[in-house]
>>> print(open('upload-v5.txt').read())   # compact mmCIF, C-alpha atoms
# COMPACT_ATOMS: atom_id res chain seq x y z
CA MET A 1 45.60 103.38 32.17
CA SER A 2 47.57 105.98 34.11
CA MET A 3 51.25 105.46 34.60
CA HIS A 4 52.59 104.44 37.98
CA LEU A 5 54.33 106.99 40.14
CA SER A 6 58.12 106.72 40.15
CA GLU A 7 60.21 105.81 43.18
CA THR A 8 61.33 109.43 43.42
CA GLN A 9 57.77 110.71 43.29
CA LEU A 10 56.55 108.30 45.93
CA ASN A 11 59.40 109.12 48.30
CA ASP A 12 59.07 112.87 47.74
CA TYR A 13 55.33 112.60 48.38
CA LEU A 14 55.89 110.87 51.70
CA ASP A 15 58.65 113.33 52.66
CA GLY A 16 56.31 116.24 51.99
CA VAL A 17 58.64 117.96 49.54
CA VAL A 18 56.20 118.28 46.61
CA ASP A 19 53.99 121.28 46.02
CA ALA A 20 50.33 121.17 46.94
CA ALA A 21 49.08 120.60 43.38
CA ASP A 22 51.43 117.67 42.78
CA ALA A 23 50.64 116.23 46.19
CA GLU A 24 46.93 116.28 45.43
CA ARG A 25 47.47 114.67 42.06
CA MET A 26 49.60 111.94 43.61
CA ARG A 27 47.13 111.39 46.40
CA ARG A 28 44.34 110.82 43.90
CA HIS A 29 46.48 108.43 41.90
CA ILE A 30 47.47 106.43 44.99
CA GLY A 31 43.82 106.14 45.85
CA GLU A 32 43.15 104.57 42.46
CA CYS A 33 46.28 102.46 41.95
CA ASP A 34 46.80 99.38 44.13
CA ALA A 35 50.45 98.96 43.11
CA CYS A 36 51.39 102.51 44.04
CA ALA A 37 49.33 102.28 47.22
CA ARG A 38 51.30 99.21 48.27
CA GLU A 39 54.59 100.95 47.52
CA VAL A 40 53.58 104.01 49.54
CA GLU A 41 52.54 101.83 52.44
CA SER A 42 55.81 99.94 52.36
CA ILE A 43 57.95 103.10 52.25
CA ALA A 44 55.86 104.72 54.97
CA ALA A 45 56.31 101.66 57.17
CA ILE A 46 60.10 101.69 56.87
CA LYS A 47 60.15 105.44 57.59
CA ALA A 48 58.05 104.87 60.69
CA SER A 49 60.36 102.08 61.87
CA LEU A 50 63.39 104.28 61.41
CA ALA A 51 61.77 107.18 63.22
CA GLY A 52 60.97 104.84 66.10
CA LEU A 53 64.55 103.73 66.69
CA PRO A 54 65.98 104.80 70.06
CA ARG A 55 67.91 108.07 69.99
CA GLU A 56 70.48 106.80 72.45
CA ILE A 57 72.68 103.73 72.36
CA ARG A 58 74.86 102.90 75.31
CA PRO A 59 78.52 102.30 74.44
CA ASP A 60 79.95 98.96 75.43
CA ARG A 61 82.28 100.62 77.92
CA ASP A 62 82.68 103.89 79.78
CA LEU A 63 84.44 106.27 77.38
CA ARG A 64 85.04 109.09 79.81
CA ALA A 65 88.53 107.99 80.86
CA GLY A 66 89.62 107.86 77.23
CA ILE A 67 88.16 111.30 76.58
CA TRP A 68 90.07 112.91 79.44
CA GLN A 69 93.21 111.09 78.34
CA GLN A 70 92.93 112.60 74.87
CA ILE A 71 92.28 116.04 76.27
CA GLU A 72 95.24 115.71 78.63
CA SER A 73 97.54 114.74 75.80
CA THR A 74 96.70 117.85 73.79
CA LYS A 75 99.80 120.02 73.59
CA HIS A 76 98.38 123.26 74.91
CA THR A 77 96.39 121.84 77.75
CA ARG A 78 99.18 120.65 80.05
CA THR A 79 98.97 123.86 82.00
CA LEU A 80 95.22 124.06 81.54
CA TRP A 81 94.91 120.60 83.09
CA SER A 82 96.18 121.89 86.40
CA MET A 83 93.35 124.41 86.34
CA ARG A 84 90.87 122.25 84.52
CA TYR A 85 88.09 122.36 87.00
CA PRO A 86 87.85 126.13 87.42
CA LEU A 87 88.17 126.76 83.69
CA ALA A 88 85.84 123.94 82.72
CA ALA A 89 83.29 125.32 85.15
CA ALA A 90 83.85 128.81 83.76
CA ALA A 91 83.32 127.61 80.19
CA VAL A 92 80.08 125.81 81.06
CA LEU A 93 78.85 128.72 83.11
CA LEU A 94 79.43 131.09 80.20
CA ILE A 95 76.78 129.17 78.31
CA ALA A 96 74.36 128.95 81.21
CA VAL A 97 74.81 132.59 82.12
CA SER A 98 73.90 133.89 78.69
CA SER A 99 70.75 131.77 78.58
CA VAL A 100 69.51 132.91 82.01
CA MET A 101 70.46 136.49 81.36
CA THR A 102 68.83 136.63 77.94
CA LEU A 103 65.60 135.25 79.37
CA ALA A 104 65.56 137.85 82.13
CA ILE A 105 66.21 140.68 79.70
CA VAL A 106 63.62 139.54 77.15
CA ARG A 107 61.01 139.64 79.90
CA GLU A 108 61.99 143.22 80.63
CA ARG A 109 61.98 144.38 77.05
CA GLN A 110 59.24 146.77 76.02
CA PRO A 111 59.35 147.60 72.29
CA SER A 112 58.58 151.24 72.87
CA ASP A 113 61.33 151.51 75.44
CA ILE A 114 64.16 150.13 73.38
CA GLY A 115 67.19 152.21 74.11
CA ALA A 116 69.97 153.34 71.83
CA ASN A 117 70.53 151.11 68.84
CA TYR A 118 73.78 149.51 69.79
CA ARG A 119 75.98 147.72 67.40
CA GLU A 120 75.56 144.05 66.63
CA ASN A 121 77.43 141.61 68.81
CA VAL A 122 80.99 142.78 69.22
CA ARG A 123 83.59 140.38 67.90
CA LEU A 124 87.02 140.90 69.40
CA VAL A 125 89.74 140.19 66.87
CA GLY A 126 93.34 139.13 67.07
CA ARG A 127 95.23 136.63 69.15
CA ASP A 128 97.12 138.99 71.42
CA PRO A 129 95.44 138.94 74.85
CA GLY A 130 96.56 142.55 75.47
CA ALA A 131 94.95 143.81 72.25
CA ILE A 132 91.78 141.86 72.97
CA GLU A 133 91.61 143.37 76.43
CA ARG A 134 92.03 146.90 75.06
CA GLN A 135 89.17 146.37 72.59
CA TYR A 136 87.05 144.98 75.39
CA SER A 137 87.83 147.85 77.77
CA GLU A 138 86.78 150.47 75.23
CA GLU A 139 83.44 148.78 74.61
CA VAL A 140 82.57 147.84 78.15
CA GLN A 141 83.08 151.33 79.57
CA GLU A 142 80.43 152.79 77.30
CA LEU A 143 77.93 150.04 78.06
CA GLU A 144 78.50 150.11 81.81
CA MET A 145 77.88 153.87 81.82
CA VAL A 146 74.51 153.39 80.12
CA LEU A 147 73.56 150.69 82.58
CA ARG A 148 74.52 152.80 85.59
CA LYS A 149 72.15 155.52 84.41
CA SER A 150 69.27 153.15 83.76
CA ARG A 151 69.72 150.64 86.57
CA GLY A 152 66.87 152.16 88.55
CA ALA A 153 64.44 151.51 85.72
CA LEU A 154 65.06 147.78 85.66
CA ALA A 155 63.23 145.35 87.92
CA PRO A 156 65.21 144.47 91.06
CA GLU A 157 65.22 140.79 90.10
CA THR A 158 66.69 141.61 86.71
CA VAL A 159 69.39 143.71 88.34
CA ARG A 160 70.17 140.89 90.74
CA ILE A 161 70.45 138.34 87.94
CA MET A 162 72.57 140.70 85.89
CA GLU A 163 74.99 141.43 88.72
CA THR A 164 75.28 137.77 89.69
CA ASN A 165 76.01 136.62 86.17
CA LEU A 166 78.38 139.43 85.38
CA LYS A 167 80.35 138.42 88.46
CA ILE A 168 80.49 134.85 87.13
CA ILE A 169 81.83 136.10 83.82
CA ASP A 170 84.36 138.35 85.57
CA ASP A 171 85.55 135.34 87.57
CA ALA A 172 85.91 133.37 84.31
CA ILE A 173 87.90 136.25 82.83
CA ARG A 174 90.25 136.31 85.81
CA GLU A 175 90.73 132.53 85.60
CA ALA A 176 91.52 132.73 81.89
CA GLN A 177 93.91 135.64 82.42
CA ALA A 178 95.78 133.70 85.12
CA ALA A 179 95.98 130.62 82.89
CA ILE A 180 97.30 132.68 79.96
CA ALA A 181 99.96 134.18 82.21
CA ALA A 182 101.14 130.64 82.92
CA ASP A 183 100.78 129.42 79.33
CA PRO A 184 100.85 132.42 76.97
CA ASN A 185 101.07 130.26 73.83
CA SER A 186 97.79 128.50 74.33
CA ASP A 187 95.38 129.39 71.53
CA MET A 188 92.61 127.64 73.40
CA LEU A 189 93.05 129.87 76.44
CA VAL A 190 93.06 132.98 74.26
CA ASP A 191 89.84 131.75 72.65
CA LEU A 192 88.30 131.16 76.07
CA LEU A 193 89.30 134.65 77.22
CA ARG A 194 87.93 136.22 74.05
CA SER A 195 84.70 134.25 74.45
CA ALA A 196 84.33 135.48 78.03
CA TYR A 197 84.86 139.12 77.01
CA GLU A 198 82.47 138.83 74.08
CA ARG A 199 79.84 137.15 76.23
CA LYS A 200 80.05 139.95 78.80
CA LEU A 201 79.78 142.58 76.11
CA GLU A 202 76.80 140.79 74.60
CA LEU A 203 74.97 140.66 77.92
CA LEU A 204 75.72 144.30 78.70
CA ARG A 205 74.50 145.26 75.25
CA GLN A 206 71.26 143.36 75.69
CA ALA A 207 70.68 144.99 79.06
CA ALA A 208 71.46 148.42 77.65
CA GLU A 209 69.06 147.91 74.74
CA SER A 210 66.33 146.97 77.17
CA SER A 211 66.79 150.12 79.20
CA PRO A 212 64.31 152.95 78.80
CA VAL A 213 65.37 155.75 76.51
CA THR A 214 67.09 158.45 78.52
CA MET B 1 77.07 110.22 75.69
CA GLY B 2 74.53 107.70 74.39
CA ARG B 3 73.09 110.19 71.96
CA VAL B 4 76.46 110.99 70.44
CA TYR B 5 77.43 107.32 70.32
CA ALA B 6 74.18 106.41 68.56
CA VAL B 7 74.82 108.89 65.76
CA CYS B 8 78.43 107.75 65.37
CA LEU B 9 77.54 104.05 65.42
CA ARG B 10 74.76 104.26 62.88
CA MET B 11 76.75 106.42 60.50
CA CYS B 12 79.96 104.39 60.59
CA ALA B 13 78.44 100.95 61.29
CA ASP B 14 81.44 99.89 63.41
CA PRO B 15 81.30 99.90 67.25
CA GLN B 16 85.05 100.45 67.70
CA GLU B 17 85.11 103.31 65.23
CA ALA B 18 82.01 104.71 66.88
CA GLU B 19 83.78 104.70 70.26
CA ARG B 20 86.76 106.52 68.77
CA LEU B 21 84.53 109.06 67.05
CA THR B 22 82.52 109.59 70.25
CA GLN B 23 85.72 110.41 72.08
CA ASP B 24 86.76 112.74 69.25
CA VAL B 25 83.44 114.53 69.53
CA PHE B 26 83.85 115.26 73.24
CA VAL B 27 87.44 116.35 72.80
CA ARG B 28 86.20 118.68 70.07
CA VAL B 29 83.50 119.96 72.45
CA TRP B 30 86.18 120.76 74.99
CA THR B 31 88.35 122.64 72.54
CA ARG B 32 85.48 124.47 70.83
CA LEU B 33 83.25 125.27 73.77
CA GLY B 34 84.29 128.89 73.42
CA THR B 35 82.77 129.01 69.95
CA PHE B 36 79.30 128.13 71.19
CA ARG B 37 77.48 131.41 70.83
CA GLY B 38 74.24 130.46 72.49
CA GLU B 39 72.19 131.02 69.37
CA SER B 40 70.76 127.52 69.64
CA GLU B 41 70.36 124.97 72.37
CA PHE B 42 73.53 123.28 73.46
CA THR B 43 72.11 119.88 72.42
CA SER B 44 71.51 121.11 68.87
CA TRP B 45 75.05 122.45 68.71
CA LEU B 46 76.41 119.16 69.99
CA HIS B 47 74.31 117.24 67.47
CA ARG B 48 75.63 119.22 64.51
CA LEU B 49 79.19 118.95 65.81
CA THR B 50 78.81 115.16 66.09
CA VAL B 51 77.64 114.85 62.50
CA ASN B 52 80.50 117.08 61.32
CA VAL B 53 83.09 114.97 63.14
CA VAL B 54 81.77 111.76 61.61
CA LEU B 55 81.60 113.19 58.10
CA GLU B 56 85.08 114.72 58.34
CA ASP B 57 86.44 111.38 59.45
CA SER B 58 84.75 109.50 56.63
CA ARG B 59 86.15 111.97 54.10
CA SER B 60 89.70 111.81 55.41
CA THR B 61 90.13 108.10 56.08
CA ARG B 62 89.59 104.96 54.04
CA ARG B 63 86.44 103.44 55.45
CA ARG B 64 85.42 99.82 55.56
CA ILE B 65 82.04 99.12 54.07
CA GLY B 66 79.80 98.21 56.99
CA ARG B 67 78.71 94.61 56.71
CA VAL B 68 76.90 92.59 59.26
CA GLU B 69 79.68 90.02 59.46
CA ASN B 70 82.23 92.73 60.24
CA VAL B 71 80.31 93.98 63.22
CA GLU B 72 82.39 92.30 65.91
CA ASP B 73 79.88 93.00 68.57
CA PRO B 74 76.36 92.75 67.15
CA GLY B 75 75.17 93.33 70.69
CA ALA B 76 76.29 96.94 70.34
CA LEU B 77 73.38 97.51 68.01
CA GLU B 78 70.98 96.17 70.61
CA ARG B 79 71.86 98.41 73.53
CA GLY B 80 69.38 101.10 72.80
CA GLY B 81 66.08 101.96 74.43
CA SER B 82 64.33 99.42 76.58
CA ALA B 83 63.39 95.86 75.86
CA SER B 84 60.10 95.50 74.09
CA ASN B 85 58.22 93.08 71.92
CA ASP B 86 59.71 94.85 68.87
CA SER B 87 63.32 94.37 69.97
CA ASP B 88 64.00 91.61 67.42
CA SER B 89 62.73 93.68 64.50
CA ARG B 90 64.62 96.70 65.82
CA VAL B 91 67.86 94.70 65.90
CA ASP B 92 67.16 93.45 62.37
CA LEU B 93 66.63 97.03 61.24
CA GLU B 94 69.84 98.25 62.91
CA ARG B 95 71.80 95.43 61.33
CA ALA B 96 70.28 96.12 57.94
CA ILE B 97 71.24 99.79 58.24
CA ALA B 98 74.81 98.70 58.93
CA THR B 99 74.88 96.77 55.64
CA LEU B 100 74.01 99.77 53.50
CA PRO B 101 76.61 101.39 51.25
CA PRO B 102 78.20 104.34 53.09
CA GLY B 103 76.59 107.15 51.08
CA ALA B 104 73.13 105.63 51.30
CA ARG B 105 73.57 104.91 55.00
CA GLN B 106 74.64 108.48 55.78
CA ALA B 107 71.68 109.97 53.91
CA LEU B 108 69.26 107.59 55.61
CA VAL B 109 70.60 108.13 59.14
CA LEU B 110 70.72 111.89 58.78
CA HIS B 111 67.24 112.20 57.25
CA ASP B 112 65.06 109.40 58.60
CA ILE B 113 66.63 109.01 62.06
CA GLU B 114 68.28 112.31 62.89
CA GLY B 115 65.67 114.48 61.20
CA PHE B 116 67.81 116.70 58.98
CA LYS B 117 66.25 118.11 55.82
CA HIS B 118 67.53 117.28 52.33
CA GLU B 119 69.10 120.70 51.95
CA GLU B 120 70.89 120.51 55.31
CA ILE B 121 72.28 117.08 54.47
CA ALA B 122 73.43 118.24 51.05
CA LYS B 123 75.30 121.11 52.68
CA GLN B 124 76.88 118.82 55.26
CA LEU B 125 77.92 116.27 52.67
CA GLY B 126 79.04 118.87 50.13
CA THR B 127 76.78 117.46 47.48
CA ALA B 128 73.59 118.27 45.57
CA VAL B 129 70.10 117.88 46.99
CA GLY B 130 69.24 115.54 44.14
CA THR B 131 72.13 113.29 45.10
CA VAL B 132 70.99 113.19 48.71
CA LYS B 133 67.47 112.24 47.69
CA ALA B 134 68.72 109.55 45.32
CA GLN B 135 70.87 108.04 48.08
CA LEU B 136 68.01 108.24 50.57
CA HIS B 137 65.51 106.60 48.25
CA ARG B 138 68.04 103.90 47.40
CA ALA B 139 68.67 103.26 51.10
CA ARG B 140 64.98 102.84 51.80
CA ARG B 141 64.61 100.47 48.88
CA LEU B 142 67.58 98.37 49.98
CA LEU B 143 66.27 98.18 53.53
CA ARG B 144 62.87 97.05 52.34
CA GLU B 145 64.47 94.38 50.17
CA ARG B 146 66.76 93.13 52.94
CA LEU B 147 64.02 93.06 55.52
CA GLY B 148 61.53 91.50 53.16
CA ARG B 149 59.02 94.32 53.50
>>> encode(input="upload-v5.txt", output="structure tokens")
Amino acid sequence: MSMHLSETQLNDYLDGVVDAADAERMRRHIGECDACAREVESIAAIKASLAGLPREIRPDRDLRAGIWQQIESTKHTRTLWSMRYPLAAAAVLLIAVSSVMTLAIVRERQPSDIGANYRENVRLVGRDPGAIERQYSEEVQELEMVLRKSRGALAPETVRIMETNLKIIDDAIREAQAAIAADPNSDMLVDLLRSAYERKLELLRQAAESSPVT
Amino acid sequence: MGRVYAVCLRMCADPQEAERLTQDVFVRVWTRLGTFRGESEFTSWLHRLTVNVVLEDSRSTRRRIGRVENVEDPGALERGGSASNDSDSRVDLERAIATLPPGARQALVLHDIEGFKHEEIAKQLGTAVGTVKAQLHRARRLLRERLGR
């Protein structure tokens, strides 16, 4: 009489984390052993019930007021709060912009036309806004020059999307710069400014890489 | 909001704690939005951040063991999805999950409900894959026993 499969074996089998040979061996055994077959069925049923639970549960009360209260009480956001809507919009747009822009550029990309092999995503270091801006200026000048030369080779729609989204990022940069001027000790604002610069550099780099070789 | 709250509630088994953790998650989103690099969908990023917040909280504070009788508002476990003929069994299942020991409950929620792999859970929990599997298998066994299945 063959031995029964262990709890670990039965669970691993159902989770699909055994190799093909073991899985086949277990499958044959389960087909011949009523006890193991019942165990498998029981474990499978509980897994199915768990997988069928709703992904969302509504809180008993609206938590949004409490969330904003916590954010407002954060030390470095007192000044930010007075500009919360523009900066919040800028932060959200940074995410949306990169997604739209990346999609547009991927559509343009022809493997044989990949331009100069630019560096990996630039990461701007340090916490001094002035130093970050200097790093950014050095990088962006080079990329903007490449794009000026190759703009005519890109589809008009891609150019339009690029210019629109770069303007959004530039607006976010100006907002962050103004907020830092009012609250120079805010690490969060410095992070937001850095993120905006890095996002612009990333988009320019992607566009430059998609440009035909000159 | 409901998605984040669901993860928090099932992992901590306490509606008030889940509300606090949900708020913490969104405050963390606000402060860390600049770190979202766009490599994944925003929802995936939010999901991982939620799990991290809950696990950090459970590591840093003394947690009550979730027991059915300590759930002050059992109705909190019922406000998910839409009413159906299976709502009673779903409530029973949610309540049973809340009675699990914390380690087993975390492994079960992360694997069988949230869909993380063993290796991902081990990394999040700072433990070995074998430990995660042992907790997961134990959780399933306890649920089956408590639900009479």
>>> residues_around(input="upload-v5.txt", residues="stretch 100-110 of chain B", least_positions_apart="2", cutoff="9 Å", atoms="only C-alpha atoms", output="PyMOL selection string")
(chain A and resi 50) or (chain B and resi 7+10-13+51+55+63-67+96-98+112-118+121-122+125+132-140+142-143)
>>> closest_atom_pairs(input="upload-v5.txt", of="chain A", to="chain B", cutoff="6 Å", atoms="all atoms listed in the file", output="tab-separated table")
residue	atom	partner	partner_atom	distance
A:Leu50	CA	B:Ile113	CA	5.8
A:Ala51	CA	B:Ile113	CA	5.3
A:Pro54	CA	B:Gly81	CA	5.2
A:Arg55	CA	B:Arg3	CA	5.9
A:Glu56	CA	B:Arg3	CA	4.3
A:Ile57	CA	B:Gly80	CA	4.2
A:Arg58	CA	B:Gly2	CA	4.9
A:Ile67	CA	B:Gln23	CA	5.2
A:Ile71	CA	B:Val27	CA	6.0
A:Leu192	CA	B:Gly34	CA	5.3
A:Ser195	CA	B:Gly34	CA	5.5
>>> atom_distance(input="upload-v5.txt", atom1="atom CA of B:Lys123", atom2="atom CA of A:Asp15")
18.4 Å
>>> atom_distance(input="upload-v5.txt", atom1="atom CA of A:Leu147", atom2="atom CA of A:Leu201")
12.1 Å
>>> residues_around(input="upload-v5.txt", residues="stretch 131-136 of chain A", least_positions_apart="2", cutoff="12 Å", atoms="all atoms listed in the file", output="number ranges by chain")
A: 122-129, 138-144, 173-174, 176-177, 190-202, 204
>>> closest_residue(input="upload-v5.txt", among="B:Arg146, B:Gly126, B:Leu49, B:Val54", to="B:Arg95", atoms="only C-alpha atoms")
B:Arg146
>>> decode(input="upload-v5.txt", residues="stretch 84-102 of chain B", atoms="N, CA and C atoms", output="mmCIF file, in the first residue's frame")
data_model
loop_
_atom_site.group_PDB
_atom_site.id
_atom_site.type_symbol
_atom_site.label_atom_id
_atom_site.label_comp_id
_atom_site.auth_asym_id
_atom_site.auth_seq_id
_atom_site.Cartn_x
_atom_site.Cartn_y
_atom_site.Cartn_z
ATOM 1 N N SER B 84 -25.299 38.193 -2.054
ATOM 2 C CA SER B 84 -25.499 37.031 -2.892
ATOM 3 C C SER B 84 -25.925 35.899 -1.998
ATOM 4 N N ASN B 85 -26.275 34.778 -2.613
ATOM 5 C CA ASN B 85 -26.674 33.626 -1.828
ATOM 6 C C ASN B 85 -25.519 33.093 -0.990
ATOM 7 N N ASP B 86 -24.283 33.412 -1.334
ATOM 8 C CA ASP B 86 -23.123 32.926 -0.592
ATOM 9 C C ASP B 86 -22.682 33.896 0.485
ATOM 10 N N SER B 87 -23.470 34.924 0.779
ATOM 11 C CA SER B 87 -22.989 35.954 1.703
ATOM 12 C C SER B 87 -22.755 35.386 3.094
ATOM 13 N N ASP B 88 -23.599 34.451 3.554
ATOM 14 C CA ASP B 88 -23.407 33.884 4.889
ATOM 15 C C ASP B 88 -22.091 33.125 4.960
ATOM 16 N N SER B 89 -21.813 32.305 3.968
ATOM 17 C CA SER B 89 -20.565 31.531 4.001
ATOM 18 C C SER B 89 -19.369 32.455 3.846
ATOM 19 N N ARG B 90 -19.552 33.552 3.088
ATOM 20 C CA ARG B 90 -18.441 34.507 2.943
ATOM 21 C C ARG B 90 -18.150 35.167 4.283
ATOM 22 N N VAL B 91 -19.195 35.548 5.006
ATOM 23 C CA VAL B 91 -18.993 36.165 6.316
ATOM 24 C C VAL B 91 -18.317 35.174 7.254
ATOM 25 N N ASP B 92 -18.764 33.921 7.221
ATOM 26 C CA ASP B 92 -18.141 32.898 8.064
ATOM 27 C C ASP B 92 -16.658 32.786 7.743
ATOM 28 N N LEU B 93 -16.331 32.815 6.451
ATOM 29 C CA LEU B 93 -14.942 32.690 6.037
ATOM 30 C C LEU B 93 -14.133 33.888 6.522
ATOM 31 N N GLU B 94 -14.685 35.096 6.352
ATOM 32 C CA GLU B 94 -13.976 36.302 6.799
ATOM 33 C C GLU B 94 -13.736 36.247 8.310
ATOM 34 N N ARG B 95 -14.749 35.804 9.042
ATOM 35 C CA ARG B 95 -14.597 35.737 10.497
ATOM 36 C C ARG B 95 -13.575 34.690 10.895
ATOM 37 N N ALA B 96 -13.577 33.586 10.158
ATOM 38 C CA ALA B 96 -12.604 32.528 10.454
ATOM 39 C C ALA B 96 -11.187 33.018 10.184
ATOM 40 N N ILE B 97 -11.016 33.791 9.102
ATOM 41 C CA ILE B 97 -9.694 34.340 8.799
ATOM 42 C C ILE B 97 -9.221 35.208 9.954
ATOM 43 N N ALA B 98 -10.154 35.983 10.509
ATOM 44 C CA ALA B 98 -9.804 36.891 11.603
ATOM 45 C C ALA B 98 -9.354 36.146 12.854
ATOM 46 N N THR B 99 -9.734 34.869 12.977
ATOM 47 C CA THR B 99 -9.361 34.109 14.176
ATOM 48 C C THR B 99 -7.998 33.439 14.058
ATOM 49 N N LEU B 100 -7.403 33.492 12.888
ATOM 50 C CA LEU B 100 -6.130 32.812 12.686
ATOM 51 C C LEU B 100 -5.004 33.503 13.449
ATOM 52 N N PRO B 101 -3.991 32.727 13.840
ATOM 53 C CA PRO B 101 -2.808 33.367 14.438
ATOM 54 C C PRO B 101 -2.204 34.340 13.432
ATOM 55 N N PRO B 102 -1.579 35.427 13.899
ATOM 56 C CA PRO B 102 -1.127 36.493 12.992
ATOM 57 C C PRO B 102 -0.247 36.016 11.838
#
